[in-house]
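Dumped structure-v6.cif below, it's mmCIF, C-alpha atoms:
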```cif
data_start
loop_
_atom_site.label_atom_id
_atom_site.label_comp_id
_atom_site.auth_asym_id
_atom_site.auth_seq_id
_atom_site.Cartn_x
_atom_site.Cartn_y
_atom_site.Cartn_z
CA MET A 1 162.18 -47.55 212.63
CA ARG A 2 165.68 -47.04 211.39
CA ALA A 3 168.11 -49.97 211.78
CA ALA A 4 171.10 -49.41 214.06
CA ARG A 5 174.41 -49.05 212.33
CA LEU A 6 177.10 -51.69 212.86
CA GLY A 7 180.64 -50.45 213.26
CA PRO A 8 183.68 -52.43 212.06
CA ALA A 9 184.26 -53.85 215.54
CA ASP A 10 180.63 -55.01 215.72
CA VAL A 11 180.90 -56.70 212.33
CA VAL A 12 184.10 -58.54 213.31
CA ARG A 13 182.58 -59.59 216.63
CA LEU A 14 179.48 -60.98 214.91
CA GLY A 15 181.57 -62.86 212.37
CA GLY A 16 183.81 -64.26 215.09
CA THR A 17 180.83 -65.50 217.10
CA GLY A 18 179.78 -67.78 214.28
CA LEU A 19 183.28 -69.27 214.13
CA ARG A 20 183.64 -69.80 217.88
CA THR A 21 180.46 -71.86 218.08
CA ARG A 22 181.76 -74.45 215.52
CA PRO A 23 185.47 -74.90 216.26
CA LEU A 24 186.00 -78.31 214.63
CA ARG A 25 184.32 -77.33 211.38
CA VAL A 26 186.25 -74.06 211.35
CA PHE A 27 189.52 -75.93 211.92
CA LEU A 28 188.91 -78.36 209.06
CA SER A 29 187.84 -75.62 206.65
CA ALA A 30 190.79 -73.40 207.60
CA LEU A 31 193.12 -76.39 207.22
CA GLY A 32 192.17 -76.73 203.56
CA ILE A 33 193.04 -73.08 202.98
CA ALA A 34 196.25 -73.41 205.03
CA ILE A 35 197.49 -76.39 202.99
CA GLY A 36 197.07 -74.49 199.72
CA VAL A 37 198.81 -71.36 201.02
CA ALA A 38 201.59 -73.40 202.66
CA ALA A 39 202.20 -75.26 199.40
CA MET A 40 202.46 -72.03 197.42
CA ILE A 41 204.74 -70.29 199.92
CA ALA A 42 206.94 -73.37 200.38
CA VAL A 43 207.41 -73.70 196.62
CA VAL A 44 208.28 -70.03 196.21
CA GLY A 45 210.44 -70.04 199.34
CA ILE A 46 212.40 -73.17 198.42
CA SER A 47 212.90 -71.87 194.89
CA GLY A 48 214.06 -68.50 196.26
CA SER A 49 216.39 -70.20 198.72
CA GLY A 50 217.87 -72.29 195.93
CA GLN A 51 218.40 -69.18 193.82
CA ALA A 52 220.05 -67.45 196.76
CA GLU A 53 222.38 -70.43 197.16
CA VAL A 54 223.31 -70.34 193.46
CA ASP A 55 223.97 -66.60 193.74
CA ARG A 56 226.06 -67.15 196.86
CA ARG A 57 228.13 -69.83 195.18
CA LEU A 58 228.62 -67.73 192.07
CA ASP A 59 229.71 -64.79 194.20
CA ALA A 60 232.27 -67.06 195.86
CA LEU A 61 233.40 -68.83 192.68
CA GLY A 62 233.12 -65.90 190.30
CA THR A 63 231.33 -65.53 186.97
CA ASN A 64 234.49 -64.63 185.05
CA LEU A 65 235.50 -68.19 184.18
CA LEU A 66 235.52 -69.20 180.51
CA ARG A 67 236.01 -72.72 179.16
CA VAL A 68 237.85 -73.31 175.88
CA ALA A 69 237.38 -76.73 174.26
CA PRO A 70 237.94 -78.23 170.81
CA GLY A 71 234.91 -78.55 168.58
CA GLU A 72 234.62 -80.51 165.36
CA SER A 73 236.62 -80.22 162.18
CA LEU A 74 235.06 -79.73 158.75
CA THR A 75 235.10 -83.48 158.25
CA GLY A 76 233.15 -84.06 161.45
CA GLU A 77 236.11 -85.39 163.42
CA LYS A 78 237.07 -84.24 166.90
CA ALA A 79 239.40 -81.26 166.69
CA ARG A 80 242.48 -80.83 168.89
CA LEU A 81 243.81 -77.70 170.53
CA PRO A 82 247.49 -76.98 169.82
CA HIS A 83 250.14 -77.58 172.47
CA GLU A 84 250.75 -73.82 172.67
CA ALA A 85 247.09 -72.94 173.40
CA VAL A 86 247.65 -72.23 177.09
CA ALA A 87 250.72 -70.08 176.50
CA MET A 88 248.96 -68.09 173.77
CA VAL A 89 245.83 -67.49 175.83
CA ARG A 90 247.94 -66.31 178.74
CA ARG A 91 249.17 -63.39 176.59
CA ILE A 92 245.72 -61.78 176.43
CA PRO A 93 246.08 -58.72 178.74
CA PRO A 94 242.77 -59.01 180.70
CA VAL A 95 243.38 -62.72 181.41
CA ARG A 96 244.30 -63.37 185.05
CA GLN A 97 244.55 -67.18 185.26
CA VAL A 98 244.89 -69.96 182.71
CA ALA A 99 244.90 -73.70 183.41
CA ALA A 100 244.25 -76.79 181.33
CA THR A 101 243.38 -80.46 181.51
CA GLY A 102 244.29 -83.08 178.96
CA ALA A 103 242.24 -86.19 178.23
CA THR A 104 244.05 -89.53 178.25
CA ASP A 105 243.01 -93.00 177.10
CA ALA A 106 243.75 -94.52 180.52
CA HIS A 107 241.20 -95.85 182.98
CA VAL A 108 241.23 -96.02 186.74
CA TYR A 109 240.15 -98.99 188.88
CA ARG A 110 240.08 -99.63 192.60
CA ASN A 111 242.55 -102.52 192.17
CA ASP A 112 244.06 -104.73 189.48
CA HIS A 113 241.38 -107.43 189.91
CA ILE A 114 238.58 -105.33 188.42
CA ALA A 115 237.57 -106.49 184.95
CA ILE A 116 238.75 -104.24 182.11
CA GLY A 117 235.86 -102.16 180.81
CA ARG A 118 234.15 -101.67 184.17
CA THR A 119 235.34 -98.09 184.31
CA GLY A 120 232.36 -96.58 186.14
CA SER A 121 232.37 -93.81 183.47
CA LEU A 122 235.43 -92.27 185.13
CA THR A 123 238.00 -90.39 183.09
CA VAL A 124 241.72 -89.82 183.63
CA LEU A 125 242.93 -86.27 183.02
CA ALA A 126 246.34 -84.66 183.02
CA ALA A 127 246.40 -81.48 185.09
CA GLY A 128 248.78 -78.85 186.38
CA ALA A 129 249.21 -77.29 189.77
CA ASP A 130 247.38 -74.13 188.62
CA LEU A 131 244.12 -75.93 187.76
CA LEU A 132 242.43 -75.94 191.16
CA PRO A 133 242.73 -72.17 191.84
CA ALA A 134 241.49 -71.41 188.32
CA VAL A 135 238.26 -73.40 188.66
CA GLY A 136 237.63 -72.50 192.30
CA GLY A 137 238.04 -76.07 193.56
CA GLN A 138 238.80 -77.21 197.09
CA VAL A 139 240.62 -80.26 198.46
CA ARG A 140 238.52 -82.28 200.88
CA ARG A 141 241.29 -84.65 201.99
CA GLY A 142 245.01 -84.77 201.40
CA ARG A 143 246.58 -82.26 199.02
CA TRP A 144 246.61 -81.11 195.44
CA LEU A 145 249.17 -81.80 192.74
CA ASP A 146 252.32 -79.69 192.88
CA SER A 147 255.79 -79.56 191.39
CA ALA A 148 256.94 -82.35 193.72
CA THR A 149 254.29 -84.81 192.50
CA ASP A 150 253.93 -83.66 188.89
CA ALA A 151 256.34 -86.24 187.48
CA TYR A 152 255.45 -89.14 189.79
CA PRO A 153 252.57 -91.68 189.77
CA ALA A 154 250.34 -89.68 192.12
CA VAL A 155 246.63 -89.09 191.61
CA VAL A 156 243.90 -86.82 192.96
CA LEU A 157 240.29 -88.05 192.70
CA GLY A 158 237.23 -85.92 192.05
CA ALA A 159 234.32 -86.23 194.49
CA THR A 160 232.28 -88.58 192.28
CA ALA A 161 235.32 -90.65 191.32
CA ALA A 162 236.25 -91.20 194.96
CA GLN A 163 232.68 -92.23 195.75
CA ARG A 164 232.47 -94.75 192.90
CA LEU A 165 235.87 -96.24 193.69
CA ASP A 166 235.14 -96.08 197.43
CA VAL A 167 238.63 -94.69 197.98
CA TYR A 168 239.11 -91.68 200.24
CA THR A 169 242.27 -92.15 202.27
CA PRO A 170 245.51 -90.56 200.99
CA GLY A 171 248.21 -93.18 200.57
CA THR A 172 245.82 -95.77 199.14
CA ARG A 173 246.90 -97.25 195.83
CA VAL A 174 244.64 -97.38 192.76
CA TRP A 175 245.17 -99.22 189.49
CA LEU A 176 245.51 -96.56 186.80
CA GLY A 177 246.68 -97.03 183.23
CA GLY A 178 248.06 -100.50 183.94
CA ARG A 179 250.14 -99.54 186.96
CA TRP A 180 249.76 -98.48 190.57
CA PHE A 181 249.25 -94.81 191.41
CA SER A 182 249.23 -93.43 194.93
CA LEU A 183 246.24 -91.36 196.04
CA ILE A 184 247.33 -88.01 197.47
CA GLY A 185 244.03 -86.15 197.64
CA VAL A 186 240.25 -86.07 197.16
CA LEU A 187 238.38 -82.99 195.93
CA ASP A 188 235.11 -81.42 196.96
CA PRO A 189 232.54 -81.09 194.13
CA VAL A 190 233.52 -78.34 191.68
CA PRO A 191 230.33 -76.50 190.60
CA LEU A 192 231.94 -74.57 187.73
CA ALA A 193 233.79 -77.61 186.36
CA PRO A 194 231.59 -80.65 187.12
CA GLU A 195 233.58 -82.76 184.64
CA LEU A 196 236.36 -82.86 187.24
CA ASP A 197 234.09 -84.59 189.78
CA GLY A 198 234.19 -87.86 187.84
CA ALA A 199 237.89 -87.71 186.98
CA ALA A 200 241.19 -89.01 188.26
CA LEU A 201 243.75 -86.20 187.90
CA VAL A 202 247.46 -86.86 187.45
CA GLY A 203 250.39 -84.53 186.86
CA TRP A 204 251.07 -83.33 183.32
CA SER A 205 254.54 -84.83 183.23
CA ALA A 206 253.38 -88.08 184.85
CA ALA A 207 250.68 -88.44 182.20
CA ARG A 208 253.29 -88.12 179.47
CA THR A 209 255.62 -90.60 181.17
CA TYR A 210 253.22 -93.31 182.32
CA LEU A 211 250.04 -92.87 180.25
CA ARG A 212 251.38 -91.95 176.80
CA PHE A 213 249.61 -88.61 176.93
CA ASP A 214 250.19 -86.58 173.74
CA GLY A 215 250.28 -83.19 175.51
CA HIS A 216 247.29 -81.62 173.70
CA PRO A 217 244.99 -79.79 176.15
CA SER A 218 241.39 -80.95 175.95
CA THR A 219 239.98 -78.07 178.04
CA VAL A 220 241.46 -74.69 178.88
CA TYR A 221 240.03 -72.72 181.81
CA VAL A 222 240.43 -68.95 181.61
CA ARG A 223 239.83 -66.35 184.32
CA ALA A 224 239.48 -62.81 183.03
CA GLN A 225 238.75 -59.40 184.51
CA ASP A 226 235.05 -59.18 185.35
CA SER A 227 234.56 -56.12 183.17
CA ARG A 228 236.40 -57.65 180.20
CA VAL A 229 234.88 -61.13 180.04
CA ALA A 230 232.91 -60.43 176.85
CA ALA A 231 235.97 -58.95 175.12
CA VAL A 232 238.16 -61.90 176.11
CA ARG A 233 235.51 -64.35 174.97
CA ALA A 234 235.43 -62.73 171.53
CA VAL A 235 239.18 -63.18 170.90
CA LEU A 236 239.68 -66.58 172.53
CA PRO A 237 239.01 -68.79 169.46
CA ALA A 238 241.54 -66.97 167.28
CA THR A 239 244.05 -66.85 170.12
CA ALA A 240 243.78 -70.48 171.22
CA TYR A 241 243.85 -71.87 167.68
CA PRO A 242 244.89 -69.17 165.18
CA GLU A 243 244.86 -71.55 162.21
CA LYS A 244 241.33 -72.86 162.76
CA PRO A 245 239.35 -70.64 165.14
CA GLY A 246 236.10 -72.15 163.87
CA GLU A 247 237.03 -75.43 165.54
CA VAL A 248 237.09 -73.90 169.02
CA ARG A 249 234.10 -73.83 171.37
CA ILE A 250 233.85 -71.23 174.14
CA SER A 251 231.43 -71.61 177.05
CA ARG A 252 230.82 -69.91 180.36
CA PRO A 253 230.19 -72.36 183.23
CA SER A 254 228.16 -69.82 185.22
CA ASP A 255 225.72 -69.67 182.27
CA ALA A 256 225.14 -73.41 182.70
CA LEU A 257 224.23 -72.84 186.35
CA ALA A 258 221.84 -70.08 185.33
CA ALA A 259 220.26 -72.38 182.71
CA ARG A 260 219.78 -75.07 185.34
CA GLU A 261 218.09 -72.53 187.58
CA ALA A 262 215.78 -71.57 184.70
CA THR A 263 214.85 -75.24 184.27
CA GLU A 264 214.08 -75.50 187.96
CA SER A 265 211.90 -72.39 187.71
CA ALA A 266 209.71 -74.21 185.17
CA LEU A 267 209.13 -76.94 187.74
CA THR A 268 208.41 -74.24 190.30
CA GLY A 269 205.64 -72.94 188.04
CA LEU A 270 204.09 -76.41 187.88
CA LEU A 271 204.19 -76.79 191.66
CA LEU A 272 202.67 -73.33 192.07
CA GLY A 273 199.81 -74.49 189.87
CA LEU A 274 199.27 -77.49 192.14
CA GLY A 275 199.32 -75.18 195.15
CA GLY A 276 196.70 -73.02 193.45
CA VAL A 277 194.49 -76.07 192.93
CA ALA A 278 194.86 -76.94 196.62
CA LEU A 279 193.91 -73.36 197.50
CA LEU A 280 190.85 -73.58 195.26
CA VAL A 281 189.79 -76.82 196.94
CA GLY A 282 190.16 -75.06 200.30
CA GLY A 283 187.94 -72.25 199.02
CA VAL A 284 185.28 -74.78 198.06
CA GLY A 285 185.49 -76.11 201.62
CA VAL A 286 184.95 -72.61 202.98
CA GLY A 287 181.94 -72.10 200.72
CA ASN A 288 180.48 -75.43 201.78
CA THR A 289 180.96 -74.54 205.45
CA MET A 290 179.20 -71.22 205.00
CA VAL A 291 176.25 -72.76 203.14
CA ILE A 292 175.74 -75.30 205.92
CA SER A 293 176.11 -72.52 208.47
CA VAL A 294 173.29 -70.57 206.82
CA LEU A 295 171.03 -73.63 206.85
CA GLU A 296 171.75 -74.34 210.52
CA ARG A 297 171.36 -70.74 211.65
CA ARG A 298 168.04 -69.90 210.00
CA PRO A 299 166.37 -69.23 213.38
CA GLU A 300 169.20 -66.86 214.32
CA ILE A 301 168.86 -65.06 211.00
CA GLY A 302 165.09 -64.81 211.41
CA LEU A 303 165.44 -63.43 214.91
CA ARG A 304 167.94 -60.80 213.82
CA ARG A 305 165.69 -59.79 210.92
CA ALA A 306 162.72 -59.55 213.28
CA LEU A 307 164.75 -57.31 215.59
CA GLY A 308 165.47 -54.91 212.74
CA ALA A 309 168.66 -56.18 211.05
CA THR A 310 168.75 -55.22 207.38
CA LYS A 311 169.57 -57.48 204.47
CA GLY A 312 172.86 -55.63 204.06
CA GLN A 313 173.83 -56.30 207.67
CA ILE A 314 173.08 -60.01 207.29
CA ARG A 315 175.18 -60.15 204.13
CA THR A 316 177.99 -58.29 205.82
CA GLN A 317 177.91 -60.67 208.80
CA PHE A 318 178.28 -63.83 206.71
CA VAL A 319 180.83 -62.37 204.30
CA THR A 320 182.89 -61.23 207.32
CA GLU A 321 182.63 -64.71 208.82
CA SER A 322 183.89 -66.21 205.57
CA LEU A 323 186.72 -63.68 205.39
CA LEU A 324 187.78 -64.41 208.98
CA LEU A 325 187.74 -68.14 208.28
CA SER A 326 189.91 -67.67 205.20
CA LEU A 327 192.21 -65.27 207.03
CA ILE A 328 192.83 -67.84 209.76
CA GLY A 329 193.70 -70.40 207.10
CA GLY A 330 195.89 -67.92 205.23
CA LEU A 331 197.88 -66.90 208.31
CA GLY A 332 198.27 -70.52 209.37
CA GLY A 333 199.39 -71.50 205.86
CA THR A 334 201.90 -68.64 205.76
CA VAL A 335 203.48 -69.78 209.03
CA LEU A 336 203.48 -73.43 207.91
CA GLY A 337 204.97 -72.61 204.50
CA THR A 338 207.69 -70.51 206.11
CA LEU A 339 208.56 -73.32 208.53
CA ILE A 340 208.72 -75.84 205.67
CA THR A 341 211.01 -73.53 203.70
CA ALA A 342 213.26 -72.91 206.69
CA GLY A 343 213.48 -76.62 207.49
CA TYR A 344 214.36 -77.58 203.93
CA ALA A 345 216.89 -74.75 203.57
CA LEU A 346 218.60 -75.68 206.82
CA SER A 347 218.79 -79.34 205.78
CA ARG A 348 220.60 -78.28 202.58
CA ASP A 349 222.69 -75.57 204.26
CA TRP A 350 221.02 -72.90 202.12
CA PRO A 351 220.06 -69.37 203.15
CA THR A 352 216.36 -69.17 204.01
CA VAL A 353 214.50 -66.84 201.67
CA VAL A 354 210.73 -66.30 201.81
CA PRO A 355 209.79 -63.33 199.61
CA ALA A 356 207.45 -60.90 201.33
CA TRP A 357 205.35 -60.70 198.18
CA ALA A 358 204.65 -64.44 198.40
CA SER A 359 203.28 -64.14 201.94
CA LEU A 360 201.20 -61.08 201.03
CA ALA A 361 199.94 -62.75 197.84
CA GLY A 362 198.99 -65.87 199.79
CA ILE A 363 196.95 -63.95 202.34
CA ALA A 364 195.40 -61.71 199.67
CA SER A 365 194.38 -64.72 197.60
CA THR A 366 192.75 -66.37 200.62
CA LEU A 367 190.79 -63.20 201.35
CA ALA A 368 189.65 -63.06 197.74
CA ILE A 369 188.62 -66.71 197.83
CA GLY A 370 186.90 -66.16 201.18
CA ALA A 371 184.91 -63.23 199.80
CA ILE A 372 183.83 -65.21 196.73
CA ALA A 373 183.06 -68.36 198.73
CA GLY A 374 181.02 -66.43 201.29
CA LEU A 375 179.10 -64.25 198.83
CA TYR A 376 176.45 -66.77 197.79
CA PRO A 377 175.67 -67.99 201.34
CA ALA A 378 175.55 -64.37 202.52
CA VAL A 379 173.10 -63.38 199.77
CA ARG A 380 171.02 -66.45 200.49
CA ALA A 381 170.90 -65.61 204.19
CA SER A 382 169.92 -61.99 203.52
CA ARG A 383 166.98 -63.07 201.36
CA LEU A 384 165.34 -65.05 204.16
CA SER A 385 162.34 -63.25 205.56
CA PRO A 386 161.87 -63.26 209.34
CA THR A 387 158.78 -65.49 209.20
CA GLU A 388 160.40 -67.92 206.75
CA ALA A 389 163.58 -68.21 208.84
CA LEU A 390 161.79 -68.60 212.18
CA SER A 391 159.38 -71.18 210.77
CA GLY A 392 162.35 -73.30 209.54
CA THR A 393 160.73 -73.87 206.12
#
```

As structure tokens, please, write out the structure in this file.
Amino acid sequence: MRAARLGPADVVRLGGTGLRTRPLRVFLSALGIAIGVAAMIAVVGISGSGQAEVDRRLDALGTNLLRVAPGESLTGEKARLPHEAVAMVRRIPPVRQVAATGATDAHVYRNDHIAIGRTGSLTVLAAGADLLPAVGGQVRRGRWLDSATDAYPAVVLGATAAQRLDVYTPGTRVWLGGRWFSLIGVLDPVPLAPELDGAALVGWSAARTYLRFDGHPSTVYVRAQDSRVAAVRAVLPATAYPEKPGEVRISRPSDALAAREATESALTGLLLGLGGVALLVGGVGVGNTMVISVLERRPEIGLRRALGATKGQIRTQFVTESLLLSLIGGLGGTVLGTLITAGYALSRDWPTVVPAWASLAGIASTLAIGAIAGLYPAVRASRLSPTEALSGT
């Protein structure tokens, strides 16, 4: 007698029946799969969300900012940019904005009772009114330096400097360079110029008057046309310091952000590996569940064989059951990983990004693991003869 054919709906129904009769075991096995998939999707999603945030910030801040700084002389000493560096750089046609800071030997303290030397690694920089627009900075409280405050003992603190000094309110006095300066503003963090976060910024003229600043710029920030950044970068050393262009260093702050993102991607690879291990452990759990299921359901297998079920149909039933179990875990892990990504992104005020390929890869990998994990139990079940299965031996 010829065995009846099983359609796809029949196969799914048979596989689902085995899962419905053991809900707790199914839940625990699917949970192992779900944890692995959730870990993989969360890692990819959080990494993608972080990349989207970096891209968003770069779009807002621009990638056309170049930093000019002195390098080292032939004798190994610190070089100095000439006083005219800013004016000379401004003459390059594609350049749109130029601003500079100048390092001083002064230190800033919360008050005059702080011991000398406990500087908190904060620097004091001379700056002009055009600095903040050039680096894409924003004032959190108060206001920025302008022509009215340039020559007076007024100071603006970077975000880190304000935090370490615990000073945020404009009008508060701080002890700077051996005299009192009045706080007029506090900045938000400046992603493209992080050195400003830990600095106290005073007017260029005030630095000369009160801090014995020599007037040499220590860093020049240059904004150029987007399409001409490479050309401007090539001529900057000779323009900023015509006599010794070899002692000038040029960097692009947006490249530093990209390098940081590349470093984070290496960590992402490690975490993906851990997620893969978790997924493999979940697959072992599925395989173990299916082996036990075969042992417990020997009478059922024997009865189906006695009623005419073929070895192929038995194999198909148990492989389908394993695939359904893995699919439940994969779908649950995809939802869980997406929720974890969304929660983390919202807590950091990032855009939520979960690549579609990550979700598809997670589900595909669970199906592959389910097929492999269910293959041996399915083959073992199909090899049971009706008499052997019904006898329980």

Excluding region 183-187 of chain A and residues on its chain fewer than 3 positions from it, collect all residues at most 9 Å away from it, counting all atoms listed in the file, and give them as number ranges by chain.
A: 137-145, 153-159, 161-162, 167-174, 190, 196-197

For the structure provided, state which residues fall under the PyMOL selection byres ((chain A and resi 317) around 9), and present them as a list in words.
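Given this file, the PyMOL selection byres ((chain A and resi 317) around 9) evaluates to Val11, Val12, Leu14, Gly15, Gly312, Gln313, Ile314, Arg315, Thr316, Phe318, Val319, Thr320, Glu321, Ser322 and Ala378 of chain A.
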
Using all atoms listed in the file: which of A:Gln51, A:Thr239, A:Asn288, A:Thr219 has the shortest distance to Val353 (chain A)
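Of A:Gln51, A:Thr239, A:Asn288, A:Thr219, the one nearest Val353 (chain A), counting all atoms listed in the file, is A:Gln51.
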
I want to know what sits within 10 Å of Ala238 (chain A), based on only C-alpha atoms, with residues of the same chain fewer than 3 positions away left out; could you give that as an MDAnalysis selection string?
chainID A and resid 88:89 234:235 241:248

Counting all atoms listed in the file, which of A:Gly117, A:Ala151, A:Ser47, A:Val95 gets nearest to Thr341 (chain A)?
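Comparing A:Gly117, A:Ala151, A:Ser47, A:Val95 against Thr341 (chain A), the winner is A:Ser47.
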
Would you mind reading off the distance between CA of Thr123 (chain A) and CA of Thr101 (chain A), one decimal, in Å?
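If I compute the distance from CA of Thr123 (chain A) to CA of Thr101 (chain A), I get 11.4 Å.
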
If we draw a sphere of 12 Å around (239.3, -82.5, 165.6), which residues have at least one atom in it when counting all atoms listed in the file? Please report them as a PyMOL selection string.
chain A and resi 69-82+216+218+241+244-249

Quick one: write out the picked residues with C-alpha atoms as a compact mmCIF listing (two decimals), in the frame of the given file?
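Result saved to result-v4.txt:
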```txt
# COMPACT_ATOMS: atom_id res chain seq x y z
CA ALA A 69 237.38 -76.73 174.26
CA PRO A 70 237.94 -78.23 170.81
CA GLY A 71 234.91 -78.55 168.58
CA GLU A 72 234.62 -80.51 165.36
CA SER A 73 236.62 -80.22 162.18
CA LEU A 74 235.06 -79.73 158.75
CA THR A 75 235.10 -83.48 158.25
CA GLY A 76 233.15 -84.06 161.45
CA GLU A 77 236.11 -85.39 163.42
CA LYS A 78 237.07 -84.24 166.90
CA ALA A 79 239.40 -81.26 166.69
CA ARG A 80 242.48 -80.83 168.89
CA LEU A 81 243.81 -77.70 170.53
CA PRO A 82 247.49 -76.98 169.82
CA HIS A 216 247.29 -81.62 173.70
CA SER A 218 241.39 -80.95 175.95
CA TYR A 241 243.85 -71.87 167.68
CA LYS A 244 241.33 -72.86 162.76
CA PRO A 245 239.35 -70.64 165.14
CA GLY A 246 236.10 -72.15 163.87
CA GLU A 247 237.03 -75.43 165.54
CA VAL A 248 237.09 -73.90 169.02
CA ARG A 249 234.10 -73.83 171.37
```

Separation of CA of Arg252 (chain A) from CA of Leu65 (chain A) in Å
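CA of Arg252 (chain A) lies 6.3 Å from CA of Leu65 (chain A).
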
Check the smallest atom-to-atom distance from each of A:Ser147, A:Ser326, A:Ser182, A:Thr310 to Val284 (chain A) using only C-alpha atoms, then report the winner.
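Using only C-alpha atoms, Val284 (chain A) sits closest to A:Ser326.
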
Interatomic distance, CA of Gly36 (chain A) to CA of Gly343 (chain A) (Å, one decimal):
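The value is 18.3 Å.
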
If the PyMOL selection byres ((chain A and resi 224-231) around 8) were run on this exact file, what residues would it hold? Put them as a compact mmCIF listing (two decimals) with C-alpha atoms, in the frame of the given file.
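result.txt, written as the output of this step:
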```txt
# COMPACT_ATOMS: atom_id res chain seq x y z
CA THR A 63 231.33 -65.53 186.97
CA ASN A 64 234.49 -64.63 185.05
CA LEU A 65 235.50 -68.19 184.18
CA LEU A 66 235.52 -69.20 180.51
CA PRO A 94 242.77 -59.01 180.70
CA VAL A 95 243.38 -62.72 181.41
CA ARG A 96 244.30 -63.37 185.05
CA GLN A 97 244.55 -67.18 185.26
CA VAL A 222 240.43 -68.95 181.61
CA ARG A 223 239.83 -66.35 184.32
CA VAL A 232 238.16 -61.90 176.11
CA ARG A 233 235.51 -64.35 174.97
CA ALA A 234 235.43 -62.73 171.53
CA VAL A 235 239.18 -63.18 170.90
```

Need to verify the contact set: Ile369 (chain A), 9 Å, all atoms listed in the file, exclusion of same-chain residues closer than 2 positions in sequence. Can you return it as a PyMOL selection string?
chain A and resi 279-280+282-284+286+323+326+364-367+371-374

Pick out the residues sitting within 12 Å of Tyr344 (chain A), and hand them over as a PyMOL selection string; count all atoms listed in the file, and ignore anything fewer than 2 positions along from it in its own chain.
chain A and resi 42-43+45-50+337-342+346-353

What residues come out when you apply the PyMOL selection byres ((chain A and resi 102) around 12) to this file, written as a PyMOL selection string?
chain A and resi 69-70+80-83+85-86+99-101+103-106+123-128+131+196+199-208+211-221

Nearest to Ile92 (chain A), chosen from A:Ala368, A:Ala240, A:Leu122, A:Ala193, with only C-alpha atoms counted in the distances:
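Nearest candidate to Ile92 (chain A) out of A:Ala368, A:Ala240, A:Leu122, A:Ala193: A:Ala240.
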
Just the residues within 8 Å of Thr119 (chain A), please, counting all atoms listed in the file, with nothing from its chain fewer than 4 positions along; format it as a ChimeraX atom specification.
/A:107-109

Find the residue from A:Ile114, A:Leu176, A:Leu192, A:Met40 that sits nearest to Leu132 (chain A); use all atoms listed in the file when measuring.
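Checking each candidate against Leu132 (chain A), we get A:Leu192 as the closest.
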
Rebuild region 182-193 of chain A to N, CA and C atoms - output it as a CSV table (one decimal), in the coordinates of the input, please.
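The resulting selection.csv:
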```csv
chain,number,residue,atom,x,y,z
A,182,SER,N,249.5,-93.7,193.5
A,182,SER,CA,249.2,-93.4,194.9
A,182,SER,C,248.3,-92.2,195.1
A,183,LEU,N,247.2,-92.4,195.8
A,183,LEU,CA,246.2,-91.4,196.0
A,183,LEU,C,246.8,-90.3,197.0
A,184,ILE,N,246.8,-89.1,196.6
A,184,ILE,CA,247.3,-88.0,197.5
A,184,ILE,C,246.2,-87.0,197.9
A,185,GLY,N,245.1,-87.1,197.3
A,185,GLY,CA,244.0,-86.2,197.6
A,185,GLY,C,242.7,-86.5,197.0
A,186,VAL,N,241.6,-85.9,197.6
A,186,VAL,CA,240.2,-86.1,197.2
A,186,VAL,C,239.6,-84.7,197.2
A,187,LEU,N,238.9,-84.3,196.1
A,187,LEU,CA,238.4,-83.0,195.9
A,187,LEU,C,236.9,-82.9,196.4
A,188,ASP,N,236.5,-81.7,196.8
A,188,ASP,CA,235.1,-81.4,197.0
A,188,ASP,C,234.5,-81.3,195.6
A,189,PRO,N,233.2,-81.4,195.4
A,189,PRO,CA,232.5,-81.1,194.1
A,189,PRO,C,232.9,-79.7,193.6
A,190,VAL,N,233.1,-79.6,192.3
A,190,VAL,CA,233.5,-78.3,191.7
A,190,VAL,C,232.4,-77.8,190.8
A,191,PRO,N,231.5,-76.9,191.3
A,191,PRO,CA,230.3,-76.5,190.6
A,191,PRO,C,230.6,-75.9,189.2
A,192,LEU,N,231.7,-75.2,189.0
A,192,LEU,CA,231.9,-74.6,187.7
A,192,LEU,C,232.7,-75.5,186.8
A,193,ALA,N,233.1,-76.6,187.2
A,193,ALA,CA,233.8,-77.6,186.4
A,193,ALA,C,233.4,-79.0,186.8
```
